[in-house]
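A short worksheet on the structure shown next.
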Amino acid sequence: MAKVMISLPDHLLARLDAQAAERGTTRSATLRDLAEAALGERERLLAERMAELEGQAEGHGGDVLTDLKAGRRA
């Protein structure tokens, strides 16, 4: 497992330590859990937004495959 060094403002470090103590874990374990949750949430939101945009997509009203084939013959 890789080790990283980060800088945090004192107030954020105090909150992190409080949460680690509440969970009965280390700072590292708490940061790992929080990072995993945040990244998972970001991926979920992006997937949700992509699905939303995909649902809004409209066809151009033509036959795309026929148009592509016709363009290749030219």
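By order in the structure tokens, chains are A, B, ...; within a chain, residues start at 1; ligands start at 1, following the order shown.
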
If you run DSSP on this backbone, which residues of chain A come out as alpha helix (DSSP H), and could you give them as a PyMOL selection string?
-> chain A and resi 10-23+27-56+64-73

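Of note, atom CA of Ala35 of chain A and atom CA of Val4 of chain A are spaced 13.1 Å apart.
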
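For the atom pair formed by atom CA of Gly71 of chain A and atom CA of Leu53 of chain A, the distance is 28.4 Å, given to one decimal.
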
Residue among A:Ala20, A:Asp63, A:Glu48, A:Met5 lying closest to Leu34 of chain A, counting only C-alpha atoms | A:Ala20

Atom pair atom CA of Asp10 of chain A / atom CA of Leu31 of chain A: separation (Å) | 15.2 Å
